[in-house]
Every structure is written in structure tokens, then in C-alpha cells.
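Data file: my_file-v7.csv. Format and content: CSV, C-alpha atoms.
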chain,number,residue,atom,x,y,z
A,1392,MET,CA,30.5,-18.0,11.9
A,1393,SER,CA,28.2,-15.2,10.7
A,1394,ALA,CA,29.6,-13.2,7.8
A,1395,SER,CA,28.6,-10.3,5.6
A,1396,LYS,CA,29.2,-9.0,2.1
A,1397,ASN,CA,28.3,-5.8,0.3
A,1398,TYR,CA,25.9,-5.7,-2.6
A,1399,ILE,CA,26.7,-3.2,-5.4
A,1400,PRO,CA,23.6,-2.3,-7.4
A,1401,THR,CA,23.8,-3.8,-10.9
A,1402,ASP,CA,21.3,-4.1,-13.7
A,1403,GLY,CA,19.9,-7.7,-14.0
A,1404,TYR,CA,20.1,-10.4,-11.4
A,1405,THR,CA,23.0,-10.5,-8.9
A,1406,GLU,CA,23.4,-13.7,-6.8
A,1407,ILE,CA,24.7,-12.7,-3.4
A,1408,VAL,CA,24.5,-15.8,-1.2
A,1409,LYS,CA,24.0,-19.5,-2.1
A,1410,PRO,CA,24.2,-22.7,-0.2
A,1411,GLY,CA,27.8,-23.6,0.7
A,1412,GLU,CA,28.8,-20.0,1.2
A,1413,MET,CA,29.1,-17.9,4.4
A,1414,GLY,CA,27.9,-20.8,6.5
A,1415,ILE,CA,24.6,-21.1,4.7
A,1416,ALA,CA,23.3,-24.6,3.9
A,1417,LYS,CA,19.8,-24.0,2.4
A,1418,LEU,CA,19.0,-20.4,1.5
A,1419,HIS,CA,19.7,-18.6,-1.8
A,1420,PHE,CA,19.6,-14.8,-1.9
A,1421,GLY,CA,20.0,-12.3,-4.7
A,1422,ILE,CA,18.7,-9.0,-6.0
A,1423,LEU,CA,17.0,-8.4,-9.4
A,1424,ASN,CA,17.3,-4.8,-10.8
A,1425,LEU,CA,15.3,-4.1,-13.9
A,1426,THR,CA,15.3,-0.9,-15.9
A,1427,PRO,CA,11.9,0.4,-17.2
A,1428,GLN,CA,10.2,-2.1,-19.5
A,1429,ALA,CA,12.9,-4.7,-19.1
A,1430,THR,CA,12.0,-8.4,-18.5
A,1431,PHE,CA,13.4,-11.3,-16.6
A,1432,PHE,CA,12.4,-15.0,-17.0
A,1433,ASP,CA,13.4,-17.9,-14.7
A,1434,HIS,CA,12.4,-21.3,-13.4
A,1435,SER,CA,12.2,-22.2,-9.7
A,1436,ASP,CA,13.6,-25.8,-10.2
A,1437,ASP,CA,13.8,-27.7,-6.9
A,1438,THR,CA,13.2,-24.6,-4.8
A,1439,GLU,CA,10.3,-22.4,-3.8
A,1440,VAL,CA,10.9,-18.7,-4.5
A,1441,ALA,CA,9.9,-15.5,-2.7
A,1442,LEU,CA,10.1,-12.2,-4.6
A,1443,ILE,CA,10.1,-9.2,-2.3
A,1444,ALA,CA,9.5,-5.8,-4.1
A,1445,LEU,CA,12.0,-3.3,-2.7
A,1446,GLY,CA,11.1,-0.5,-5.0
A,1447,GLY,CA,9.2,0.2,-8.2
A,1448,HIS,CA,6.6,-2.1,-9.6
A,1449,CYS,CA,6.2,-4.9,-12.2
A,1450,THR,CA,3.8,-7.4,-13.7
A,1451,LEU,CA,4.5,-10.9,-12.4
A,1452,LEU,CA,3.4,-13.9,-14.5
A,1453,VAL,CA,3.6,-17.2,-12.7
A,1454,GLY,CA,2.6,-20.3,-14.6
A,1455,HIS,CA,2.6,-24.0,-13.9
A,1456,ASN,CA,-0.2,-26.1,-15.4
A,1457,GLY,CA,-3.2,-25.1,-13.3
A,1458,ASN,CA,-1.1,-23.3,-10.7
A,1459,LYS,CA,-0.9,-19.8,-12.0
A,1460,ALA,CA,-0.9,-16.3,-10.6
A,1461,ASN,CA,-0.7,-13.0,-12.6
A,1462,GLY,CA,-0.7,-9.6,-11.2
A,1463,ILE,CA,1.1,-6.4,-10.1
A,1464,LEU,CA,4.0,-6.7,-7.7
A,1465,GLY,CA,5.2,-3.5,-5.9
A,1466,GLU,CA,3.5,-0.5,-4.5
A,1467,ARG,CA,6.4,1.6,-3.1
A,1468,SER,CA,9.2,3.8,-4.4
A,1469,ASP,CA,11.8,2.3,-2.0
A,1470,VAL,CA,12.1,0.4,1.2
A,1471,PHE,CA,11.4,3.5,3.3
A,1472,ASP,CA,8.0,4.1,1.6
A,1473,GLY,CA,5.6,1.5,3.1
A,1474,GLU,CA,5.5,-2.2,3.4
A,1475,ALA,CA,6.6,-4.8,0.9
A,1476,CYS,CA,4.6,-6.7,-1.7
A,1477,ILE,CA,5.6,-10.4,-1.9
A,1478,GLY,CA,5.2,-13.0,-4.6
A,1479,TYR,CA,5.5,-16.7,-3.9
A,1480,ILE,CA,6.4,-19.2,-6.6
A,1481,PRO,CA,6.2,-23.0,-6.0
A,1482,HIS,CA,8.9,-25.5,-7.1
A,1483,HIS,CA,9.2,-26.4,-10.8
A,1484,THR,CA,7.4,-23.4,-11.9
A,1485,THR,CA,8.3,-20.7,-14.5
A,1486,TYR,CA,7.9,-17.0,-13.7
A,1487,GLU,CA,8.4,-13.8,-15.7
A,1488,VAL,CA,8.9,-10.3,-14.4
A,1489,LEU,CA,7.9,-7.3,-16.6
A,1490,ALA,CA,9.2,-4.1,-15.2
A,1491,GLY,CA,6.9,-1.0,-15.2
A,1492,GLU,CA,7.7,2.5,-16.3
A,1493,ILE,CA,10.0,3.3,-13.4
A,1494,GLY,CA,11.7,-0.1,-13.3
A,1495,VAL,CA,11.8,-2.4,-10.3
A,1496,GLU,CA,14.1,-3.8,-7.7
A,1497,ILE,CA,13.3,-7.2,-6.2
A,1498,ALA,CA,14.9,-9.3,-3.5
A,1499,VAL,CA,14.9,-13.0,-4.5
A,1500,CYS,CA,15.0,-15.6,-1.8
A,1501,LYS,CA,14.9,-19.4,-2.5
A,1502,VAL,CA,14.9,-22.5,-0.4
A,1503,PRO,CA,14.8,-26.2,-1.4
A,1504,SER,CA,11.2,-27.4,-1.4
A,1505,HIS,CA,8.8,-29.9,-3.0
A,1506,SER,CA,5.7,-28.6,-1.3
A,1507,GLU,CA,2.6,-28.4,-3.5
A,1508,SER,CA,1.8,-24.9,-2.4
A,1509,ALA,CA,-0.2,-22.4,-4.6
A,1510,ALA,CA,1.4,-19.5,-6.4
A,1511,ALA,CA,0.5,-16.2,-4.7
A,1512,ILE,CA,1.0,-12.4,-5.3
A,1513,LEU,CA,0.3,-10.5,-2.1
A,1514,ASP,CA,-0.5,-6.8,-1.6
A,1515,ALA,CA,1.6,-4.6,0.6
A,1516,GLY,CA,1.7,-5.7,4.2
A,1517,LYS,CA,-0.2,-9.0,3.6
A,1518,SER,CA,1.3,-12.3,4.6
A,1519,ILE,CA,1.0,-15.9,3.6
A,1520,GLY,CA,0.0,-18.8,5.9
A,1521,GLU,CA,2.9,-20.4,7.7
A,1522,ASN,CA,1.9,-23.8,6.4
A,1523,GLU,CA,2.1,-22.6,2.8
A,1524,THR,CA,5.8,-21.8,2.6
A,1525,HIS,CA,9.2,-22.9,3.9
A,1526,LEU,CA,10.3,-19.3,4.1
A,1527,ARG,CA,9.7,-16.6,6.8
A,1528,ILE,CA,10.0,-13.1,5.5
A,1529,TRP,CA,9.7,-9.9,7.5
A,1530,GLU,CA,10.9,-6.3,7.6
A,1531,ASN,CA,12.4,-4.2,10.4
A,1532,ALA,CA,12.6,-0.4,10.7
A,1533,LEU,CA,15.6,0.9,12.7
A,1534,SER,CA,16.2,4.3,14.3
A,1535,ASP,CA,19.2,5.7,16.2
A,1536,GLY,CA,19.9,3.7,19.3
A,1537,ILE,CA,18.9,0.2,20.4
A,1538,GLY,CA,17.3,-2.0,17.8
A,1539,ASP,CA,14.6,-4.5,18.4
A,1540,ALA,CA,16.6,-7.8,19.0
A,1541,ARG,CA,13.3,-9.5,19.8
A,1542,ARG,CA,12.5,-9.6,16.1
A,1543,MET,CA,15.8,-11.2,15.2
A,1544,PRO,CA,16.0,-14.9,14.2
A,1545,THR,CA,17.3,-17.6,16.5
A,1546,ARG,CA,18.6,-21.1,16.0
A,1547,GLY,CA,17.9,-21.2,12.3
A,1548,GLU,CA,19.9,-20.0,9.3
A,1549,ALA,CA,18.8,-16.5,8.1
A,1550,ILE,CA,19.9,-13.7,5.8
A,1551,CYS,CA,19.5,-10.0,6.3
A,1552,LEU,CA,19.6,-7.1,3.8
A,1553,GLN,CA,20.5,-3.9,5.5
A,1554,ARG,CA,19.8,-0.4,4.1
A,1555,PHE,CA,20.0,3.1,5.5
A,1556,LEU,CA,18.2,6.3,4.5
A,1557,GLU,CA,20.4,8.3,2.1
A,1558,GLY,CA,23.0,5.5,2.5
A,1559,GLU,CA,24.3,6.7,5.8
A,1560,GLY,CA,24.4,4.7,9.0
A,1561,SER,CA,25.5,1.4,10.6
A,1562,ALA,CA,24.1,-1.5,12.5
A,1563,ILE,CA,26.1,-3.5,15.0
A,1564,PHE,CA,25.1,-7.0,15.9
A,1565,GLU,CA,26.4,-9.2,18.7
A,1566,ILE,CA,26.0,-12.8,17.7
A,1567,THR,CA,26.7,-16.0,19.6
A,1568,ARG,CA,27.4,-19.5,18.4
A,1569,THR,CA,26.5,-22.3,20.7
A,1570,GLU,CA,28.1,-25.7,20.4
A,1571,ASN,CA,27.4,-28.7,22.6
A,1572,GLU,CA,30.8,-30.0,23.8
A,1573,ARG,CA,30.6,-33.6,24.6
A,1574,LEU,CA,32.1,-33.3,28.0
A,1575,ALA,CA,31.3,-35.2,31.2
A,1576,SER,CA,29.6,-32.1,32.4
A,1577,SER,CA,27.6,-31.7,29.1
A,1578,SER,CA,28.5,-28.1,29.1
A,1579,TYR,CA,28.0,-25.6,26.2
A,1580,CYS,CA,30.6,-23.4,24.7
A,1581,GLU,CA,29.6,-20.0,23.4
A,1582,GLU,CA,31.6,-17.7,21.1
A,1583,THR,CA,30.5,-14.1,20.6
A,1584,VAL,CA,31.4,-11.9,17.7
A,1585,ARG,CA,30.5,-8.3,16.7
A,1586,VAL,CA,29.4,-7.7,13.1
A,1587,ARG,CA,28.9,-4.2,11.7
A,1588,LEU,CA,26.6,-3.6,8.7
A,1589,SER,CA,26.6,-0.6,6.4
A,1590,ASN,CA,24.3,0.3,3.5
A,1591,ASN,CA,23.5,-2.6,1.1
A,1592,ASP,CA,25.4,-5.1,3.3
A,1593,VAL,CA,24.0,-8.6,3.4
A,1594,LEU,CA,24.4,-10.6,6.7
A,1595,ALA,CA,24.3,-14.4,6.7
A,1596,ILE,CA,23.5,-16.2,9.9
A,1597,PRO,CA,24.1,-20.0,10.0
A,1598,GLU,CA,22.2,-22.4,12.2
A,1599,GLN,CA,22.9,-22.5,15.9
A,1600,HIS,CA,23.7,-18.7,15.9
A,1601,ASN,CA,21.8,-16.3,18.0
A,1602,ILE,CA,21.6,-12.5,17.9
A,1603,VAL,CA,21.9,-11.2,21.4
A,1604,SER,CA,21.9,-7.4,20.8
A,1605,LEU,CA,21.6,-4.9,18.0
A,1606,THR,CA,22.4,-1.2,18.0
A,1607,SER,CA,21.8,1.2,15.1
A,1608,GLU,CA,23.2,4.5,14.0
A,1609,GLY,CA,20.9,6.2,11.5
A,1610,VAL,CA,17.5,5.5,10.1
A,1611,GLY,CA,17.7,1.9,8.8
A,1612,TYR,CA,15.7,-0.8,7.1
A,1613,GLN,CA,16.2,-4.6,7.3
A,1614,LEU,CA,14.8,-7.3,5.2
A,1615,TRP,CA,15.0,-10.7,6.9
A,1616,MET,CA,14.6,-14.2,5.4
A,1617,GLN,CA,14.7,-17.4,7.4
A,1618,VAL,CA,14.1,-21.1,6.8
A,1619,ALA,CA,10.9,-22.1,8.5
A,1620,THR,CA,11.5,-24.5,11.4

Please re-express this file's structure in C-alpha cells.
Amino acid sequence: MSASKNYIPTDGYTEIVKPGEMGIAKLHFGILNLTPQATFFDHSDDTEVALIALGGHCTLLVGHNGNKANGILGERSDVFDGEACIGYIPHHTTYEVLAGEIGVEIAVCKVPSHSESAAAILDAGKSIGENETHLRIWENALSDGIGDARRMPTRGEAICLQRFLEGEGSAIFEITRTENERLASSSYCEETVRVRLSNNDVLAIPEQHNIVSLTSEGVGYQLWMQVAT
């Protein structure tokens, strides 16, 4: 069933969710925190990687034979200051992050892929073509009251990072899991649970789960990642 855990900000890369945990089969999710002028180097291996700048900025160097992209990633001070810049790294490609003078915080999402897509570094608010990635990335802004459940993922595994302005607030999800019981009537069995998220909580939603409602207390932000179907 859907589950959550809390992320405690830490220098360097923190892996938060990986396949085989919290009902997730494909997605990897973590957060990279770099102090000013610090660097981080990695290889995408058998996954494609999306780097979502949460705050600060960096130089991103992506290199794989002729498939390269170099540029600045990040244009906001935090998640409440405009839209995200996103970098996409294909499978079996190296990438290096060089933090700027104020440091950088980046959400790192990975999914298994052997697609021959091009590396890309997008400006704030820009999106990549749906045929060019196996990931779907989007952001939600929440205010007190009813959240926009229409923008929630359905029937496909997903991960959500929840934040609140000044760290105060909560978001309450009602989530159903539908299973086809092989009965003579071919009926479906639904189980509903309530999950409460606080600041820096990460929610994992396995396949065949559906968010039916969302209420929010406080000014909030959500970063959503889902496997493309």
C-alpha cells in the first residue's frame, strides 16, 4: 500500500526510495544537496535520469560521445520562487554537477530505460516531449483547503515530495487500491487509506493505486514523478 518517509536535509546525495521499497518497482528517488562550489559526479547506468532544481543553481555537464549538453540548471531560490528547471540524462551517460556560489538542491529521479533520447537542460517552466522520456514530472502548489486531485497520478506508480512554506502544514490524501478478485461476479475489491504528509515527507504510490481526494493545511508545494504509461 502507499507509504511515506521523511527526508532530513543532508549534504551530498541521499537516496530516499529505490525499487523494491515502499511498493515501488521502477522508480528511484533521492535528493542532492551541494554546498557552494561543491561537485557531484555520477553515471546513469541502465536508467534515464531527471534532475529537478529545487533551489539554487549549478552548472550541469552531460557527456556521452556525441550526446552532450552543458549549461546552467536552476533559476529559483527555493520551490516557492517560480517554476523548476529540469535536466534529462539518457542511459549509460556520465553527468557532473558543479554548484554555484549559493549551492544547489536537486531532486534526482531515475527509471530503467534504454531509449536513445537526447540529453537536455530545460529553462524554468519548459517541458520535454512525452516521447522523449519515460518519466512524467510536474509541480503542484497547494493552499489551505481542498487540493487539486485532478492533477494527481492514477493507475501508475508515482512519488511525491511534499514541502510547506516555513515548514508548517500538512496534506491529507485518501488513496484507494483496486484489486480484481477472480470471483464469479468479476467484482473489484477496493481498500481506502488516509496518508498525512508533513514538510519534507516523500510519498510512494504503487501501481493500481488511485488518489481520490486531497486536503491541505498551509501553503504547500508538491513535486510529482511518475513512470510514463

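In this structure, atom CA of Glu1581 of chain A sits 13.3 Å away from atom CA of Arg1546 of chain A.
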
One decimal, Å: what's the distance from atom CA of Ala1441 of chain A over to atom CA of Asn1601 of chain A, could you say?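 Rounded to one decimal, the two atoms are 23.9 Å apart.
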
Expected answer as JSON, numbers by chain: all residues with atoms within 12 Å of (8.2, -16.7, 10.2), only C-alpha atoms: {"A": [1518, 1519, 1520, 1521, 1522, 1523, 1524, 1525, 1526, 1527, 1528, 1529, 1530, 1542, 1543, 1544, 1545, 1547, 1549, 1615, 1616, 1617, 1618, 1619, 1620]}

Expected file: the selected residues, C-alpha atoms, as a PDB file, keeping the file's coordinate frame:
ATOM      1  CA  SER A1518       1.300 -12.300   4.600  1.00  0.00           C
ATOM      2  CA  ILE A1519       1.000 -15.900   3.600  1.00  0.00           C
ATOM      3  CA  GLY A1520       0.000 -18.800   5.900  1.00  0.00           C
ATOM      4  CA  GLU A1521       2.900 -20.400   7.700  1.00  0.00           C
ATOM      5  CA  ASN A1522       1.900 -23.800   6.400  1.00  0.00           C
ATOM      6  CA  GLU A1523       2.100 -22.600   2.800  1.00  0.00           C
ATOM      7  CA  THR A1524       5.800 -21.800   2.600  1.00  0.00           C
ATOM      8  CA  HIS A1525       9.200 -22.900   3.900  1.00  0.00           C
ATOM      9  CA  LEU A1526      10.300 -19.300   4.100  1.00  0.00           C
ATOM     10  CA  ARG A1527       9.700 -16.600   6.800  1.00  0.00           C
ATOM     11  CA  ILE A1528      10.000 -13.100   5.500  1.00  0.00           C
ATOM     12  CA  TRP A1529       9.700  -9.900   7.500  1.00  0.00           C
ATOM     13  CA  GLU A1530      10.900  -6.300   7.600  1.00  0.00           C
ATOM     14  CA  ARG A1542      12.500  -9.600  16.100  1.00  0.00           C
ATOM     15  CA  MET A1543      15.800 -11.200  15.200  1.00  0.00           C
ATOM     16  CA  PRO A1544      16.000 -14.900  14.200  1.00  0.00           C
ATOM     17  CA  THR A1545      17.300 -17.600  16.500  1.00  0.00           C
ATOM     18  CA  GLY A1547      17.900 -21.200  12.300  1.00  0.00           C
ATOM     19  CA  ALA A1549      18.800 -16.500   8.100  1.00  0.00           C
ATOM     20  CA  TRP A1615      15.000 -10.700   6.900  1.00  0.00           C
ATOM     21  CA  MET A1616      14.600 -14.200   5.400  1.00  0.00           C
ATOM     22  CA  GLN A1617      14.700 -17.400   7.400  1.00  0.00           C
ATOM     23  CA  VAL A1618      14.100 -21.100   6.800  1.00  0.00           C
ATOM     24  CA  ALA A1619      10.900 -22.100   8.500  1.00  0.00           C
ATOM     25  CA  THR A1620      11.500 -24.500  11.400  1.00  0.00           C
TER      26      THR A1620
END

Calculated over all atoms listed in the file, which of the candidates A:Ser1435, A:Thr1426, A:Gln1553, A:Ser1534 has the smallest distance to Glu1492 of chain A? A:Thr1426

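Separating atom CA of Pro1400 of chain A from atom CA of Gly1491 of chain A is a distance of 18.5 Å.
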
Per residue of segment 1493-1602 of chain A within 12 Å of segment 1428-1434 of chain A, which atom pair is closest and at what distance in Å (one decimal), using all atoms listed in the file, listed by chain and increasing number, as JSON lines?
{"residue": "A:Ile1493", "atom": "CA", "partner": "A:Gln1428", "partner_atom": "CA", "distance": 8.1}
{"residue": "A:Gly1494", "atom": "CA", "partner": "A:Gln1428", "partner_atom": "CA", "distance": 6.7}
{"residue": "A:Val1495", "atom": "CA", "partner": "A:Ala1429", "partner_atom": "CA", "distance": 9.2}
{"residue": "A:Glu1496", "atom": "CA", "partner": "A:Ala1429", "partner_atom": "CA", "distance": 11.5}
{"residue": "A:Ile1497", "atom": "CA", "partner": "A:Phe1431", "partner_atom": "CA", "distance": 11.2}
{"residue": "A:Val1499", "atom": "CA", "partner": "A:Asp1433", "partner_atom": "CA", "distance": 11.4}
{"residue": "A:Lys1501", "atom": "CA", "partner": "A:His1434", "partner_atom": "CA", "distance": 11.3}

Have a look at A:Ile1512, A:Thr1567, A:Gly1411, A:Ser1604 and name the one nearest to Ile1480 of chain A; count only C-alpha atoms.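 Closest residue, counting only C-alpha atoms: A:Ile1512.
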
Please return segment 1459-1489 of chain A, rebuilt to N, CA and C atoms, as a CSV table (one decimal), in the frame of the given file.
chain,number,residue,atom,x,y,z
A,1459,LYS,N,-1.4,-21.1,-11.4
A,1459,LYS,CA,-0.9,-19.8,-12.0
A,1459,LYS,C,-1.3,-18.6,-11.1
A,1460,ALA,N,-0.5,-17.5,-11.3
A,1460,ALA,CA,-0.9,-16.3,-10.6
A,1460,ALA,C,-0.3,-15.1,-11.5
A,1461,ASN,N,-1.1,-14.2,-11.8
A,1461,ASN,CA,-0.7,-13.0,-12.6
A,1461,ASN,C,-1.2,-11.8,-11.9
A,1462,GLY,N,-0.3,-10.8,-11.8
A,1462,GLY,CA,-0.7,-9.6,-11.2
A,1462,GLY,C,0.4,-8.6,-11.0
A,1463,ILE,N,0.1,-7.5,-10.4
A,1463,ILE,CA,1.1,-6.4,-10.1
A,1463,ILE,C,1.9,-6.7,-8.8
A,1464,LEU,N,3.2,-6.6,-8.9
A,1464,LEU,CA,4.0,-6.7,-7.7
A,1464,LEU,C,4.7,-5.4,-7.4
A,1465,GLY,N,4.5,-4.8,-6.3
A,1465,GLY,CA,5.2,-3.5,-5.9
A,1465,GLY,C,4.3,-2.3,-5.8
A,1466,GLU,N,4.4,-1.6,-4.7
A,1466,GLU,CA,3.5,-0.5,-4.5
A,1466,GLU,C,4.3,0.7,-3.9
A,1467,ARG,N,5.6,0.6,-3.7
A,1467,ARG,CA,6.4,1.6,-3.1
A,1467,ARG,C,7.6,2.1,-3.9
A,1468,SER,N,8.1,3.3,-3.6
A,1468,SER,CA,9.2,3.8,-4.4
A,1468,SER,C,10.5,3.2,-3.9
A,1469,ASP,N,10.6,3.0,-2.6
A,1469,ASP,CA,11.8,2.3,-2.0
A,1469,ASP,C,11.4,1.7,-0.7
A,1470,VAL,N,12.4,1.1,0.0
A,1470,VAL,CA,12.1,0.4,1.2
A,1470,VAL,C,11.7,1.3,2.4
A,1471,PHE,N,11.8,2.6,2.2
A,1471,PHE,CA,11.4,3.5,3.3
A,1471,PHE,C,10.0,4.1,3.0
A,1472,ASP,N,9.3,3.5,2.0
A,1472,ASP,CA,8.0,4.1,1.6
A,1472,ASP,C,6.9,3.0,1.7
A,1473,GLY,N,6.7,2.5,2.9
A,1473,GLY,CA,5.6,1.5,3.1
A,1473,GLY,C,6.1,0.1,3.2
A,1474,GLU,N,5.2,-0.8,3.2
A,1474,GLU,CA,5.5,-2.2,3.4
A,1474,GLU,C,5.6,-2.9,2.0
A,1475,ALA,N,6.3,-4.1,2.1
A,1475,ALA,CA,6.6,-4.8,0.9
A,1475,ALA,C,5.4,-5.6,0.3
A,1476,CYS,N,5.4,-5.8,-1.0
A,1476,CYS,CA,4.6,-6.7,-1.7
A,1476,CYS,C,5.4,-8.0,-2.0
A,1477,ILE,N,4.9,-9.2,-1.8
A,1477,ILE,CA,5.6,-10.4,-1.9
A,1477,ILE,C,4.9,-11.4,-2.9
A,1478,GLY,N,5.7,-11.9,-3.8
A,1478,GLY,CA,5.2,-13.0,-4.6
A,1478,GLY,C,5.8,-14.3,-4.3
A,1479,TYR,N,5.0,-15.4,-4.2
A,1479,TYR,CA,5.5,-16.7,-3.9
A,1479,TYR,C,5.4,-17.6,-5.1
A,1480,ILE,N,6.5,-18.3,-5.5
A,1480,ILE,CA,6.4,-19.2,-6.6
A,1480,ILE,C,6.8,-20.6,-6.2
A,1481,PRO,N,5.9,-21.6,-6.4
A,1481,PRO,CA,6.2,-23.0,-6.0
A,1481,PRO,C,7.4,-23.6,-6.8
A,1482,HIS,N,7.8,-24.8,-6.4
A,1482,HIS,CA,8.9,-25.5,-7.1
A,1482,HIS,C,8.5,-25.9,-8.5
A,1483,HIS,N,9.5,-26.0,-9.4
A,1483,HIS,CA,9.2,-26.4,-10.8
A,1483,HIS,C,8.2,-25.6,-11.5
A,1484,THR,N,8.3,-24.3,-11.3
A,1484,THR,CA,7.4,-23.4,-11.9
A,1484,THR,C,8.1,-22.2,-12.6
A,1485,THR,N,7.7,-21.8,-13.8
A,1485,THR,CA,8.3,-20.7,-14.5
A,1485,THR,C,7.7,-19.4,-13.9
A,1486,TYR,N,8.5,-18.3,-14.0
A,1486,TYR,CA,7.9,-17.0,-13.7
A,1486,TYR,C,8.7,-16.0,-14.5
A,1487,GLU,N,7.9,-14.9,-14.8
A,1487,GLU,CA,8.4,-13.8,-15.7
A,1487,GLU,C,8.1,-12.5,-15.0
A,1488,VAL,N,9.1,-11.6,-15.0
A,1488,VAL,CA,8.9,-10.3,-14.4
A,1488,VAL,C,9.0,-9.2,-15.5
A,1489,LEU,N,8.0,-8.4,-15.6
A,1489,LEU,CA,7.9,-7.3,-16.6
A,1489,LEU,C,7.9,-6.0,-15.9
